[in-house]
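Asker: Before I ask anything, here is the structure I am working with.
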Amino acid sequence: MTKRVFLKLLLLIVLVVGVSTAALDLLVRRTWQASQFSELQQDLQDKVQMFAAHANHVQGIVPFQQLADEEAAAARARATIIDRSGKVLADSEAQASTMENHATRPEFAAALKGQPGSDTHVSRYVKGIEFRYVAAPTSFGAVRLAYPLSSIRAGVRKIERELLEASGIALLFGFVVALVAAQSVARRLQKMVVFAQEIAAGHLGARLPDTGSDEIAVLATTLDKTARQLEVNFRTLEGSRQQLETLLNSMNDAVFAVSPNREVAWFNGAMKALATGPIAVGTPLIRAVRDPDLLRLVDDVLGSRKAGYVNLFSVSPGRTFGMTSAPLPDGGVVCVLRDSTEIARVERTRRDFIANVSHELRTPLTSLLGYTETLFDESPDAKTREFLDIIRRNAQRMSRLTEDLLTLARVESGEDPLEQAPVFAKELLRDAQVSFNEVAKARGISIEISKAPEVQVFADRDAVHQVFANLIDNALKYAPGHKSILIGAAETEAGNVEFYVKDFGPGIPSEHLPRLFERFYRVDKGRSREAGGTGLGLAIVKHIVLNHGGEAGVTSELGHGSTFWFRLPRAEVRADDPVVTGTQR
């Protein structure tokens, strides 16, 4: 780590020094060079003007060669004199007679036109040295001063050498600084790495002390605070986990969770005792539990993300379990298995008892009704006939109650299997209307079909007819005279078909609605008995509909009547099979 940090810091310093050197070279060297050239130009212009004035003054008195030598010495520059034709009359550093005509030289060309001129080029006569030339006009031609640029070039090269030396010193210093800083930073970062590894390994008690106010110290302090908070949170979470584990293990119900991959995520002790194979966290559920209904419900909840319930009969021999499964936030599901063996046994005993008692009561009640009818027809005494009528009515009520109890017991136990087949909804509605139309007319009430969609349901025709019989009979008891009862059906968004029976009676208070389908529950007990009700009709309706895979319910508003409804699965025709099948939505 030290080497990596060192290389990064060194590269950064080299980059900074390099950029600084380049910037100084571009700014300082060029600026200084431009300044030197500007000063040289101005100095040569001043001196050549003085040279021209002096040449005009001493013309014909002092020889041109002597004048050129004196001016060159005074100006410390090369001096040249030419006439109007461009002929060189004198030069301080070259033989005038060997020099070519200078009329075309840029600086002399401008001077011969009466204006100062300047140019920079390499001399052909003085060792190929580059000069800065400045010329001025005179009365007889022009004079020129030339200054070699080698001295300025030498100054620039000196500055470049000094700049490179300074850069080398800076790089050396930067190397040392980078090495020291890298070792310091690497040590501190290594502490953080070790600290992070300990935290990742679960050692939340690790600490990262660091002093200082720089960014690394702030980071170390923040990480240390985070570790402390993690330790507190983990201890709290661990305490909650242990409490939950203790709670789950103390339950008689088996509880387990399944991951989205259908693997066991966790389980309690009761579930371990029920598992048909080795069970552990990560075990595929199909290896731990072999019950097909359990596996099917788990798959359904994983797919639909909606809670479900199922009764299980093969998890443990001779035992019955009710399993509730609900989705978890992580995509898995949690399942709770409650042993309902004893409840099922008691419920079965209750049904058998009711069925046996009802069956045993049927024969004596039939005899009682027969003898009562005989005595009623043969007795001339009015008082005796009144008492016999009371006996007959109560015996009839007992007989109806017995029949309803037997029917409910058969429906609940499932001993009479449903003969489900595709049937049109309008046929079921029409059968119900025809069967009870005469009874309704006798009470001044009509039964009307308000809506009959062209759709099939998968149902037992006789069982559904019994549902309509109970609902319509219930509506006739409470519908006011000269009113109608509406029956109909409609498709739901879930794909089921909802049948309904609507009356326009007094309605039912909302507090009674949740319990209407319970056995023997009555809203108005006195009126129900007067109407001959047993309190079992709606319970029979509920269980018949549940056996179809549907549901039943009621909506009501005081003063506006009641609507009893039940939903049945719609029958569908598959594209690859002409046979109509029922699908529960």
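Identifiers in the structure tokens: chain A, B, ... in order shown; residue index from 1 per chain; ligand index from 1 in order shown.
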Per DSSP on the backbone, what are the alpha helix (DSSP H) residues of range 236-378 of chain A, as a PyMOL selection string?

Answerer: chain A and resi 236-250+269-274+285-288+292-304+341-378

Asker: Using only C-alpha atoms, which residues sit within 12 Å of Ser139 in chain A once same-chain residues fewer than 3 positions away are excluded, as a ChimeraX atom specification?

Answerer: /A:52-60,81-84,111-114,136,142-143

Asker: Do a neighbour search on range 387-394 of chain A at 7 Å with only C-alpha atoms, toss out local chain neighbours closer than 3 positions, and write the hits as a PyMOL selection string.

Answerer: chain A and resi 369+372+376+383-384+397-398

Asker: Generate a file of the selected residues that holds C-alpha atoms, formatted as an mmCIF file, in the first residue's frame.

Answerer:
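Writing done, so here's selection.cif:
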data_model
loop_
_atom_site.group_PDB
_atom_site.id
_atom_site.type_symbol
_atom_site.label_atom_id
_atom_site.label_comp_id
_atom_site.auth_asym_id
_atom_site.auth_seq_id
_atom_site.Cartn_x
_atom_site.Cartn_y
_atom_site.Cartn_z
ATOM 1 C CA LEU A 369 -97.468 -35.171 12.933
ATOM 2 C CA THR A 372 -101.920 -35.111 15.359
ATOM 3 C CA PHE A 376 -107.357 -32.985 14.444
ATOM 4 C CA LYS A 383 -110.740 -26.453 22.318
ATOM 5 C CA THR A 384 -109.150 -29.794 21.533
ATOM 6 C CA ARG A 397 -91.292 -26.460 12.987
ATOM 7 C CA MET A 398 -89.296 -29.216 14.698
#

Asker: Assign secondary structure with DSSP using the backbone only, and return the residues of range 433-526 of chain A in strand (DSSP E) as a PDB file with N, CA, C and O atoms, in the first residue's frame.

Answerer:
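Final output, saved to result_2.pdb:
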ATOM      1  N   SER A 446     -93.651 -10.231  -7.024  1.00  0.00           N
ATOM      2  CA  SER A 446     -93.159 -10.792  -8.279  1.00  0.00           C
ATOM      3  C   SER A 446     -91.644 -10.993  -8.205  1.00  0.00           C
ATOM      4  O   SER A 446     -90.938 -10.245  -7.523  1.00  0.00           O
ATOM      5  N   ILE A 447     -91.165 -12.018  -8.905  1.00  0.00           N
ATOM      6  CA  ILE A 447     -89.728 -12.295  -8.982  1.00  0.00           C
ATOM      7  C   ILE A 447     -89.279 -11.955 -10.395  1.00  0.00           C
ATOM      8  O   ILE A 447     -89.777 -12.545 -11.371  1.00  0.00           O
ATOM      9  N   GLU A 448     -88.359 -11.000 -10.526  1.00  0.00           N
ATOM     10  CA  GLU A 448     -87.912 -10.519 -11.827  1.00  0.00           C
ATOM     11  C   GLU A 448     -86.411 -10.763 -11.991  1.00  0.00           C
ATOM     12  O   GLU A 448     -85.644 -10.609 -11.033  1.00  0.00           O
ATOM     13  N   ILE A 449     -86.032 -11.127 -13.201  1.00  0.00           N
ATOM     14  CA  ILE A 449     -84.599 -11.288 -13.530  1.00  0.00           C
ATOM     15  C   ILE A 449     -84.105  -9.963 -14.099  1.00  0.00           C
ATOM     16  O   ILE A 449     -84.540  -9.539 -15.173  1.00  0.00           O
ATOM     17  N   SER A 450     -83.232  -9.306 -13.355  1.00  0.00           N
ATOM     18  CA  SER A 450     -82.770  -7.976 -13.776  1.00  0.00           C
ATOM     19  C   SER A 450     -81.605  -8.038 -14.757  1.00  0.00           C
ATOM     20  O   SER A 450     -81.453  -7.158 -15.605  1.00  0.00           O
ATOM     21  N   LYS A 451     -80.791  -9.093 -14.654  1.00  0.00           N
ATOM     22  CA  LYS A 451     -79.620  -9.176 -15.533  1.00  0.00           C
ATOM     23  C   LYS A 451     -79.174 -10.628 -15.615  1.00  0.00           C
ATOM     24  O   LYS A 451     -79.044 -11.300 -14.586  1.00  0.00           O
ATOM     25  N   GLN A 456     -71.096 -19.050 -18.554  1.00  0.00           N
ATOM     26  CA  GLN A 456     -71.293 -20.315 -17.866  1.00  0.00           C
ATOM     27  C   GLN A 456     -70.523 -20.336 -16.551  1.00  0.00           C
ATOM     28  O   GLN A 456     -69.453 -19.727 -16.430  1.00  0.00           O
ATOM     29  N   VAL A 457     -71.070 -21.049 -15.583  1.00  0.00           N
ATOM     30  CA  VAL A 457     -70.391 -21.277 -14.313  1.00  0.00           C
ATOM     31  C   VAL A 457     -70.212 -22.780 -14.135  1.00  0.00           C
ATOM     32  O   VAL A 457     -70.935 -23.588 -14.736  1.00  0.00           O
ATOM     33  N   PHE A 458     -69.247 -23.139 -13.315  1.00  0.00           N
ATOM     34  CA  PHE A 458     -68.959 -24.544 -13.030  1.00  0.00           C
ATOM     35  C   PHE A 458     -69.618 -24.863 -11.699  1.00  0.00           C
ATOM     36  O   PHE A 458     -69.080 -24.522 -10.636  1.00  0.00           O
ATOM     37  N   ALA A 459     -70.798 -25.482 -11.729  1.00  0.00           N
ATOM     38  CA  ALA A 459     -71.575 -25.618 -10.502  1.00  0.00           C
ATOM     39  C   ALA A 459     -72.456 -26.861 -10.553  1.00  0.00           C
ATOM     40  O   ALA A 459     -72.712 -27.457 -11.610  1.00  0.00           O
ATOM     41  N   SER A 484     -91.409  -6.176  -5.724  1.00  0.00           N
ATOM     42  CA  SER A 484     -90.759  -7.241  -6.488  1.00  0.00           C
ATOM     43  C   SER A 484     -89.450  -7.643  -5.816  1.00  0.00           C
ATOM     44  O   SER A 484     -88.880  -6.904  -5.013  1.00  0.00           O
ATOM     45  N   ILE A 485     -89.006  -8.847  -6.172  1.00  0.00           N
ATOM     46  CA  ILE A 485     -87.690  -9.341  -5.767  1.00  0.00           C
ATOM     47  C   ILE A 485     -86.862  -9.481  -7.036  1.00  0.00           C
ATOM     48  O   ILE A 485     -87.310 -10.102  -8.009  1.00  0.00           O
ATOM     49  N   LEU A 486     -85.693  -8.887  -7.037  1.00  0.00           N
ATOM     50  CA  LEU A 486     -84.831  -8.928  -8.206  1.00  0.00           C
ATOM     51  C   LEU A 486     -83.765  -9.994  -8.028  1.00  0.00           C
ATOM     52  O   LEU A 486     -83.115 -10.066  -6.971  1.00  0.00           O
ATOM     53  N   ILE A 487     -83.613 -10.824  -9.035  1.00  0.00           N
ATOM     54  CA  ILE A 487     -82.505 -11.779  -9.055  1.00  0.00           C
ATOM     55  C   ILE A 487     -81.714 -11.544 -10.336  1.00  0.00           C
ATOM     56  O   ILE A 487     -82.257 -11.069 -11.342  1.00  0.00           O
ATOM     57  N   GLY A 488     -80.429 -11.838 -10.302  1.00  0.00           N
ATOM     58  CA  GLY A 488     -79.593 -11.601 -11.475  1.00  0.00           C
ATOM     59  C   GLY A 488     -78.174 -12.094 -11.249  1.00  0.00           C
ATOM     60  O   GLY A 488     -77.863 -12.714 -10.221  1.00  0.00           O
ATOM     61  N   ALA A 489     -77.343 -11.802 -12.229  1.00  0.00           N
ATOM     62  CA  ALA A 489     -75.933 -12.211 -12.165  1.00  0.00           C
ATOM     63  C   ALA A 489     -75.097 -11.219 -12.963  1.00  0.00           C
ATOM     64  O   ALA A 489     -75.604 -10.545 -13.872  1.00  0.00           O
ATOM     65  N   ALA A 490     -73.817 -11.139 -12.622  1.00  0.00           N
ATOM     66  CA  ALA A 490     -72.887 -10.243 -13.333  1.00  0.00           C
ATOM     67  C   ALA A 490     -71.476 -10.782 -13.188  1.00  0.00           C
ATOM     68  O   ALA A 490     -71.141 -11.424 -12.175  1.00  0.00           O
ATOM     69  N   GLU A 491     -70.663 -10.551 -14.195  1.00  0.00           N
ATOM     70  CA  GLU A 491     -69.261 -10.959 -14.141  1.00  0.00           C
ATOM     71  C   GLU A 491     -68.470  -9.974 -13.280  1.00  0.00           C
ATOM     72  O   GLU A 491     -68.685  -8.762 -13.343  1.00  0.00           O
ATOM     73  N   VAL A 497     -68.450 -15.168 -11.398  1.00  0.00           N
ATOM     74  CA  VAL A 497     -69.808 -14.711 -11.699  1.00  0.00           C
ATOM     75  C   VAL A 497     -70.537 -14.520 -10.373  1.00  0.00           C
ATOM     76  O   VAL A 497     -70.582 -15.434  -9.539  1.00  0.00           O
ATOM     77  N   GLU A 498     -71.085 -13.325 -10.175  1.00  0.00           N
ATOM     78  CA  GLU A 498     -71.753 -12.992  -8.919  1.00  0.00           C
ATOM     79  C   GLU A 498     -73.270 -13.018  -9.130  1.00  0.00           C
ATOM     80  O   GLU A 498     -73.817 -12.232  -9.915  1.00  0.00           O
ATOM     81  N   PHE A 499     -73.953 -13.902  -8.416  1.00  0.00           N
ATOM     82  CA  PHE A 499     -75.422 -13.981  -8.414  1.00  0.00           C
ATOM     83  C   PHE A 499     -75.929 -13.173  -7.220  1.00  0.00           C
ATOM     84  O   PHE A 499     -75.257 -13.080  -6.184  1.00  0.00           O
ATOM     85  N   TYR A 500     -77.155 -12.625  -7.349  1.00  0.00           N
ATOM     86  CA  TYR A 500     -77.691 -11.840  -6.238  1.00  0.00           C
ATOM     87  C   TYR A 500     -79.207 -11.975  -6.177  1.00  0.00           C
ATOM     88  O   TYR A 500     -79.888 -12.263  -7.174  1.00  0.00           O
ATOM     89  N   VAL A 501     -79.720 -11.765  -4.959  1.00  0.00           N
ATOM     90  CA  VAL A 501     -81.162 -11.721  -4.694  1.00  0.00           C
ATOM     91  C   VAL A 501     -81.407 -10.440  -3.905  1.00  0.00           C
ATOM     92  O   VAL A 501     -80.896 -10.285  -2.786  1.00  0.00           O
ATOM     93  N   LYS A 502     -82.183  -9.535  -4.498  1.00  0.00           N
ATOM     94  CA  LYS A 502     -82.384  -8.215  -3.890  1.00  0.00           C
ATOM     95  C   LYS A 502     -83.850  -8.036  -3.522  1.00  0.00           C
ATOM     96  O   LYS A 502     -84.748  -8.261  -4.349  1.00  0.00           O
TER      97      LYS A 502
END

Asker: What separation in Å, quoted to one decimal, exists between CA of Ser435 in chain A and CA of Ala539 in chain A?

Answerer: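 Distance reported for this atom pair: 21.6 Å.
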
Asker: May I ask for the distance between CA of Gly322 in chain A and CA of Ser259 in chain A, given in Å to one decimal place?

Answerer: 21.0 Å
